[in-house]
$ cat coords.txt   # compact mmCIF, C-alpha atoms and all ligand atoms
# COMPACT_ATOMS: atom_id res chain seq x y z
CA MET X 16 92.79 151.23 99.05
CA GLU X 17 90.13 153.35 100.82
CA GLU X 18 92.26 153.43 103.94
CA ASN X 19 95.32 154.51 101.95
CA ILE X 20 93.36 157.31 100.33
CA ASN X 21 92.43 158.58 103.78
CA ILE X 22 96.09 158.50 104.84
CA LEU X 23 97.02 160.63 101.82
CA LYS X 24 94.18 163.06 102.50
CA SER X 25 95.10 163.39 106.15
CA ARG X 26 98.60 164.50 105.10
CA GLY X 27 97.20 167.15 102.82
CA ILE X 28 98.09 165.37 99.58
CA LYS X 29 95.72 165.87 96.68
CA VAL X 30 94.63 162.35 95.80
CA THR X 31 94.87 161.21 92.19
CA THR X 32 94.47 157.62 90.98
CA GLN X 33 98.18 157.46 90.20
CA ARG X 34 99.22 158.73 93.61
CA ALA X 35 96.82 156.34 95.31
CA GLU X 36 98.21 153.46 93.26
CA VAL X 37 101.84 154.30 94.09
CA PHE X 38 100.98 154.47 97.79
CA ASP X 39 99.04 151.22 97.52
CA VAL X 40 102.05 149.46 95.99
CA LEU X 41 104.25 150.69 98.83
CA ALA X 42 101.68 149.73 101.46
CA LYS X 43 101.21 146.21 100.06
CA ASN X 44 104.92 145.49 99.98
CA LYS X 45 106.19 145.15 103.47
CA GLY X 46 109.78 145.55 102.32
CA HIS X 47 111.64 148.38 100.67
CA LEU X 48 111.17 149.16 97.01
CA SER X 49 113.37 151.07 94.61
CA ILE X 50 111.84 153.57 92.19
CA ASP X 51 112.29 151.05 89.37
CA GLU X 52 110.45 148.37 91.32
CA ILE X 53 107.61 150.75 92.19
CA PHE X 54 107.44 151.86 88.58
CA GLY X 55 107.35 148.25 87.36
CA LYS X 56 104.35 147.44 89.55
CA VAL X 57 102.40 150.65 88.90
CA HIS X 58 103.13 150.48 85.18
CA LYS X 59 101.34 147.11 84.91
CA LYS X 60 98.10 148.74 85.96
CA TYR X 61 98.70 152.20 84.48
CA PRO X 62 100.80 151.76 81.32
CA MET X 63 100.55 155.51 80.68
CA ILE X 64 102.51 156.47 83.79
CA SER X 65 106.12 157.58 83.31
CA LEU X 66 109.13 156.93 85.49
CA ALA X 67 109.45 160.69 86.04
CA THR X 68 105.90 160.81 87.40
CA VAL X 69 106.63 157.98 89.82
CA TYR X 70 109.73 159.87 90.95
CA SER X 71 107.81 163.03 91.66
CA ILE X 72 105.00 161.19 93.44
CA VAL X 73 107.45 159.41 95.74
CA ASP X 74 109.25 162.70 96.30
CA ALA X 75 105.99 164.36 97.36
CA PHE X 76 105.28 161.45 99.74
CA LYS X 77 108.75 161.88 101.18
CA SER X 78 108.36 165.60 101.82
CA HIS X 79 105.03 164.91 103.52
CA GLY X 80 106.64 162.37 105.82
CA LEU X 81 104.73 159.44 104.32
CA VAL X 82 107.69 157.34 103.24
CA GLU X 83 111.20 156.73 104.43
CA GLU X 84 114.05 156.94 101.95
CA LEU X 85 116.73 154.35 102.58
CA THR X 86 120.30 155.20 101.74
CA ILE X 87 121.68 151.79 102.72
CA LEU X 88 122.58 151.28 99.05
CA PRO X 89 123.60 154.75 97.87
CA GLN X 90 123.39 153.72 94.23
CA LYS X 91 119.88 152.36 94.70
CA LEU X 92 117.61 154.37 96.98
CA SER X 93 114.59 152.51 98.23
CA TYR X 94 111.37 153.45 99.94
CA SER X 95 108.97 152.09 102.51
CA ILE X 96 105.95 153.44 104.34
CA ARG X 97 107.42 152.71 107.75
CA VAL X 98 108.47 156.13 109.01
CA ASP X 99 109.27 155.65 112.70
CA ILE X 100 112.98 155.61 113.61
CA HIS X 101 114.44 152.20 112.82
CA HIS X 102 117.53 150.74 111.22
CA HIS X 103 118.32 148.40 108.37
CA LEU X 104 120.42 145.41 107.53
CA TYR X 105 121.53 144.66 104.00
CA CYS X 106 122.26 140.99 103.35
CA ARG X 107 125.20 140.67 101.00
CA LYS X 108 124.09 137.16 100.00
CA CYS X 109 120.40 137.47 99.14
CA LYS X 110 120.62 141.25 98.58
CA LYS X 111 117.52 141.87 100.67
CA ILE X 112 117.05 144.80 103.04
CA PHE X 113 115.61 144.02 106.46
CA ASP X 114 114.20 146.33 109.11
CA VAL X 115 116.02 145.86 112.39
CA ASP X 116 114.62 147.04 115.67
CA ILE X 117 117.09 147.93 118.37
CA PRO X 118 116.34 149.92 121.50
CA MET X 119 116.41 153.68 121.04
CA CYS X 120 119.68 155.06 122.35
CA ALA X 121 119.85 158.00 124.76
CA THR X 122 121.03 160.42 122.06
CA LEU X 123 118.09 159.68 119.79
CA GLY X 124 115.70 160.08 122.68
CA LYS X 125 116.94 163.65 123.11
CA LYS X 126 116.82 164.46 119.38
CA GLU X 127 120.01 166.45 119.74
CA VAL X 128 123.70 165.72 119.47
CA ASN X 129 126.51 168.20 120.32
CA GLY X 130 123.98 171.00 120.06
CA HIS X 131 122.84 169.87 116.61
CA LEU X 132 119.22 168.98 115.97
CA ILE X 133 118.53 165.43 114.77
CA GLU X 134 115.67 165.20 112.28
CA GLU X 135 116.30 161.80 110.86
CA CYS X 136 118.42 158.83 111.74
CA GLN X 137 119.15 155.56 109.99
CA GLY X 138 121.68 153.00 111.03
CA ASN X 139 122.95 150.79 108.22
CA PHE X 140 124.20 147.30 108.95
CA TYR X 141 125.81 145.17 106.27
CA GLY X 142 126.20 141.45 106.68
CA VAL X 143 124.44 138.13 106.22
CA CYS X 144 120.80 137.65 107.21
CA LYS X 145 119.66 134.85 109.49
CA GLU X 146 118.29 132.73 106.65
CA CYS X 147 121.48 132.94 104.58
CA LYS X 148 123.61 132.32 107.66
CA GLU X 149 122.26 128.78 108.02
ZN ZN P 201 120.12 136.85 103.14
ZN ZN P 202 112.64 150.38 106.96
$ encode --input "coords.txt" --output "C-alpha cells"
Amino acid sequence: MEENINILKSRGIKVTTQRAEVFDVLAKNKGHLSIDEIFGKVHKKYPMISLATVYSIVDAFKSHGLVEELTILPQKLSYSIRVDIHHHLYCRKCKKIFDVDIPMCATLGKKEVNGHLIEECQGNFYGVCKECKE
C-alpha cells in the first residue's frame, strides 16, 4: 500500500484513501479488470464509494499514464497497471484476457508511421488460450 501511495504521489496525483484503494486493487490483480470488477472489490471495503467515483478515479489514473485501457472487448473496457507497450489475447473459451509479449516491431521502435506520431499501440488477438487448447 505504502509503495502504491508513493507511485501515485510521484505522478502528481493527490492521494485520497479511495484513490489509493482503487490503485491497490489494480496492483494486486495481475490481470485486467473492468470498471464493474474494480468497483465490486473497492465497494466491499468502502461501501460509500459510487461507481461514478471509481470511473473518475480510473480516468485520472489513465490520463496520468498509470493504467492502460484495453479495448480488446469494446463493450467492456478493462484496465491494468502495466503500461509498457504490449499486446493482448482474448480467449473465446474461458473469456480471460492475457498479456502477450512479442518482439517490438521496427515501426513501433520509431514511434512513427507514414509521418504520423504513434502514442499508443495495442495489438488484439482473439483465439483460444493454451490451457483451453488442451
Ligand atoms: Zn482459455
Ligand atoms: Zn495488458
$ residues_near_ligand --input "coords.txt" --ligand "ligand ZN 201 (chain P)" --cutoff "6 Å" --atoms "only C-alpha atoms and all ligand atoms" --output "ChimeraX atom specification"
/X:106,108-109,143-144,146-147
$ residues_around --input "coords.txt" --residues "Ile117 (chain X)" --least-positions-apart "2" --cutoff "12 Å" --atoms "all atoms listed in the file" --output "short mmCIF file (atom, residue, chain, number, x, y, z; two decimals) with C-alpha atoms, keeping the file's coordinate frame"
data_model
loop_
_atom_site.label_atom_id
_atom_site.label_comp_id
_atom_site.auth_asym_id
_atom_site.auth_seq_id
_atom_site.Cartn_x
_atom_site.Cartn_y
_atom_site.Cartn_z
CA ILE X 100 112.98 155.61 113.61
CA HIS X 101 114.44 152.20 112.82
CA HIS X 102 117.53 150.74 111.22
CA HIS X 103 118.32 148.40 108.37
CA LEU X 104 120.42 145.41 107.53
CA ASP X 114 114.20 146.33 109.11
CA VAL X 115 116.02 145.86 112.39
CA MET X 119 116.41 153.68 121.04
CA CYS X 120 119.68 155.06 122.35
CA LEU X 123 118.09 159.68 119.79
CA GLN X 137 119.15 155.56 109.99
CA GLY X 138 121.68 153.00 111.03
CA PHE X 140 124.20 147.30 108.95
#
$ closest_residue --input "coords.txt" --among "X:Ile20, X:Ala42, X:Leu48, X:Ala35" --to "Tyr61 (chain X)" --atoms "only C-alpha atoms"
X:Ala35
$ closest_residue --input "coords.txt" --among "X:Gly27, X:Pro62, X:Pro118, X:Pro89" --to "Ala75 (chain X)" --atoms "all atoms listed in the file"
X:Gly27
$ atom_distance --input "coords.txt" --atom1 "CA of Thr86 (chain X)" --atom2 "CA of Val98 (chain X)"
13.9 Å
$ residues_around --input "coords.txt" --residues "Glu36 (chain X)" --least-positions-apart "5" --cutoff "12 Å" --atoms "only C-alpha atoms" --output "list in words"
Met16, Glu17, Asn19, Ile20, Leu23, Val30, Thr31, Leu41, Ala42, Lys43, Ile53, Phe54, Lys56, Val57, His58, Lys59, Lys60, Tyr61, Ile64, Val69, Ile72 and Val73 of chain X
$ atom_distance --input "coords.txt" --atom1 "CA of Leu66 (chain X)" --atom2 "CA of Gly46 (chain X)"
20.3 Å
$ atom_distance --input "coords.txt" --atom1 "CA of Asp51 (chain X)" --atom2 "CA of Phe113 (chain X)"
18.8 Å
$ closest_residue --input "coords.txt" --among "X:Lys29, X:Lys24, X:Lys125, X:Lys45" --to "ligand ZN 202 (chain P)" --atoms "all atoms listed in the file"
X:Lys45
$ closest_residue --input "coords.txt" --among "X:Asn21, X:Ser49, X:Asn139, X:Asn44" --to "Tyr94 (chain X)" --atoms "all atoms listed in the file"
X:Ser49
$ closest_residue --input "coords.txt" --among "X:Ala121, X:Ile133, X:Ile112, X:Leu92" --to "ligand ZN 202 (chain P)" --atoms "only C-alpha atoms and all ligand atoms"
X:Ile112
$ build_atoms --input "coords.txt" --residues "region 107-138 of chain X" --atoms "N, CA and C atoms" --output "PDB file, in the frame of the given file"
ATOM      1  N   ARG X 107     124.341 140.718 102.184  1.00  0.00           N
ATOM      2  CA  ARG X 107     125.200 140.670 101.000  1.00  0.00           C
ATOM      3  C   ARG X 107     124.946 139.424 100.162  1.00  0.00           C
ATOM      4  N   LYS X 108     124.345 138.403 100.763  1.00  0.00           N
ATOM      5  CA  LYS X 108     124.090 137.160 100.000  1.00  0.00           C
ATOM      6  C   LYS X 108     122.813 137.236  99.200  1.00  0.00           C
ATOM      7  N   CYS X 109     121.667 137.467  99.875  1.00  0.00           N
ATOM      8  CA  CYS X 109     120.400 137.470  99.140  1.00  0.00           C
ATOM      9  C   CYS X 109     120.016 138.868  98.662  1.00  0.00           C
ATOM     10  N   LYS X 110     120.813 139.867  99.038  1.00  0.00           N
ATOM     11  CA  LYS X 110     120.620 141.250  98.580  1.00  0.00           C
ATOM     12  C   LYS X 110     119.301 141.870  99.049  1.00  0.00           C
ATOM     13  N   LYS X 111     118.767 141.306 100.137  1.00  0.00           N
ATOM     14  CA  LYS X 111     117.520 141.870 100.670  1.00  0.00           C
ATOM     15  C   LYS X 111     117.849 142.891 101.760  1.00  0.00           C
ATOM     16  N   ILE X 112     116.913 143.829 101.959  1.00  0.00           N
ATOM     17  CA  ILE X 112     117.050 144.800 103.040  1.00  0.00           C
ATOM     18  C   ILE X 112     116.033 144.445 104.120  1.00  0.00           C
ATOM     19  N   PHE X 113     116.490 144.355 105.351  1.00  0.00           N
ATOM     20  CA  PHE X 113     115.610 144.020 106.460  1.00  0.00           C
ATOM     21  C   PHE X 113     115.504 145.200 107.428  1.00  0.00           C
ATOM     22  N   ASP X 114     114.330 145.387 108.013  1.00  0.00           N
ATOM     23  CA  ASP X 114     114.200 146.330 109.110  1.00  0.00           C
ATOM     24  C   ASP X 114     114.790 145.673 110.345  1.00  0.00           C
ATOM     25  N   VAL X 115     115.574 146.404 111.109  1.00  0.00           N
ATOM     26  CA  VAL X 115     116.020 145.860 112.390  1.00  0.00           C
ATOM     27  C   VAL X 115     115.604 146.809 113.499  1.00  0.00           C
ATOM     28  N   ASP X 116     115.078 146.234 114.548  1.00  0.00           N
ATOM     29  CA  ASP X 116     114.620 147.040 115.670  1.00  0.00           C
ATOM     30  C   ASP X 116     115.582 146.869 116.825  1.00  0.00           C
ATOM     31  N   ILE X 117     116.221 147.949 117.197  1.00  0.00           N
ATOM     32  CA  ILE X 117     117.090 147.930 118.370  1.00  0.00           C
ATOM     33  C   ILE X 117     116.611 149.043 119.288  1.00  0.00           C
ATOM     34  N   PRO X 118     116.853 148.900 120.587  1.00  0.00           N
ATOM     35  CA  PRO X 118     116.340 149.920 121.500  1.00  0.00           C
ATOM     36  C   PRO X 118     116.877 151.305 121.144  1.00  0.00           C
ATOM     37  N   MET X 119     116.043 152.285 121.291  1.00  0.00           N
ATOM     38  CA  MET X 119     116.410 153.680 121.040  1.00  0.00           C
ATOM     39  C   MET X 119     117.522 154.090 121.982  1.00  0.00           C
ATOM     40  N   CYS X 120     118.586 154.650 121.460  1.00  0.00           N
ATOM     41  CA  CYS X 120     119.680 155.060 122.350  1.00  0.00           C
ATOM     42  C   CYS X 120     119.377 156.429 122.972  1.00  0.00           C
ATOM     43  N   ALA X 121     120.122 156.780 124.001  1.00  0.00           N
ATOM     44  CA  ALA X 121     119.850 158.000 124.760  1.00  0.00           C
ATOM     45  C   ALA X 121     119.929 159.244 123.870  1.00  0.00           C
ATOM     46  N   THR X 122     120.867 159.262 122.944  1.00  0.00           N
ATOM     47  CA  THR X 122     121.030 160.420 122.060  1.00  0.00           C
ATOM     48  C   THR X 122     119.787 160.643 121.225  1.00  0.00           C
ATOM     49  N   LEU X 123     119.269 159.557 120.638  1.00  0.00           N
ATOM     50  CA  LEU X 123     118.090 159.680 119.790  1.00  0.00           C
ATOM     51  C   LEU X 123     116.881 160.133 120.580  1.00  0.00           C
ATOM     52  N   GLY X 124     116.803 159.695 121.818  1.00  0.00           N
ATOM     53  CA  GLY X 124     115.700 160.080 122.680  1.00  0.00           C
ATOM     54  C   GLY X 124     115.675 161.597 122.874  1.00  0.00           C
ATOM     55  N   LYS X 125     116.852 162.200 122.884  1.00  0.00           N
ATOM     56  CA  LYS X 125     116.940 163.650 123.110  1.00  0.00           C
ATOM     57  C   LYS X 125     116.779 164.456 121.818  1.00  0.00           C
ATOM     58  N   LYS X 126     116.936 163.806 120.684  1.00  0.00           N
ATOM     59  CA  LYS X 126     116.820 164.460 119.380  1.00  0.00           C
ATOM     60  C   LYS X 126     117.864 165.546 119.165  1.00  0.00           C
ATOM     61  N   GLU X 127     118.971 165.429 119.867  1.00  0.00           N
ATOM     62  CA  GLU X 127     120.010 166.450 119.740  1.00  0.00           C
ATOM     63  C   GLU X 127     121.358 165.805 119.979  1.00  0.00           C
ATOM     64  N   VAL X 128     122.357 166.230 119.232  1.00  0.00           N
ATOM     65  CA  VAL X 128     123.700 165.720 119.470  1.00  0.00           C
ATOM     66  C   VAL X 128     124.698 166.866 119.293  1.00  0.00           C
ATOM     67  N   ASN X 129     125.530 167.089 120.317  1.00  0.00           N
ATOM     68  CA  ASN X 129     126.510 168.200 120.320  1.00  0.00           C
ATOM     69  C   ASN X 129     125.873 169.539 119.941  1.00  0.00           C
ATOM     70  N   GLY X 130     124.652 169.742 120.370  1.00  0.00           N
ATOM     71  CA  GLY X 130     123.980 171.000 120.060  1.00  0.00           C
ATOM     72  C   GLY X 130     123.289 171.016 118.708  1.00  0.00           C
ATOM     73  N   HIS X 131     123.480 169.949 117.923  1.00  0.00           N
ATOM     74  CA  HIS X 131     122.840 169.870 116.610  1.00  0.00           C
ATOM     75  C   HIS X 131     121.488 169.179 116.744  1.00  0.00           C
ATOM     76  N   LEU X 132     120.542 169.584 115.922  1.00  0.00           N
ATOM     77  CA  LEU X 132     119.220 168.980 115.970  1.00  0.00           C
ATOM     78  C   LEU X 132     119.164 167.746 115.057  1.00  0.00           C
ATOM     79  N   ILE X 133     118.676 166.641 115.578  1.00  0.00           N
ATOM     80  CA  ILE X 133     118.530 165.430 114.770  1.00  0.00           C
ATOM     81  C   ILE X 133     117.121 165.376 114.202  1.00  0.00           C
ATOM     82  N   GLU X 134     117.005 165.313 112.895  1.00  0.00           N
ATOM     83  CA  GLU X 134     115.670 165.200 112.280  1.00  0.00           C
ATOM     84  C   GLU X 134     115.402 163.793 111.799  1.00  0.00           C
ATOM     85  N   GLU X 135     116.448 163.095 111.484  1.00  0.00           N
ATOM     86  CA  GLU X 135     116.300 161.800 110.860  1.00  0.00           C
ATOM     87  C   GLU X 135     117.500 160.962 111.252  1.00  0.00           C
ATOM     88  N   CYS X 136     117.289 159.675 111.392  1.00  0.00           N
ATOM     89  CA  CYS X 136     118.420 158.830 111.740  1.00  0.00           C
ATOM     90  C   CYS X 136     118.214 157.438 111.185  1.00  0.00           C
ATOM     91  N   GLN X 137     119.204 156.931 110.487  1.00  0.00           N
ATOM     92  CA  GLN X 137     119.150 155.560 109.990  1.00  0.00           C
ATOM     93  C   GLN X 137     120.494 154.906 110.225  1.00  0.00           C
ATOM     94  N   GLY X 138     120.452 153.764 110.863  1.00  0.00           N
ATOM     95  CA  GLY X 138     121.680 153.000 111.030  1.00  0.00           C
ATOM     96  C   GLY X 138     121.711 151.939 109.942  1.00  0.00           C
TER      97      GLY X 138
END
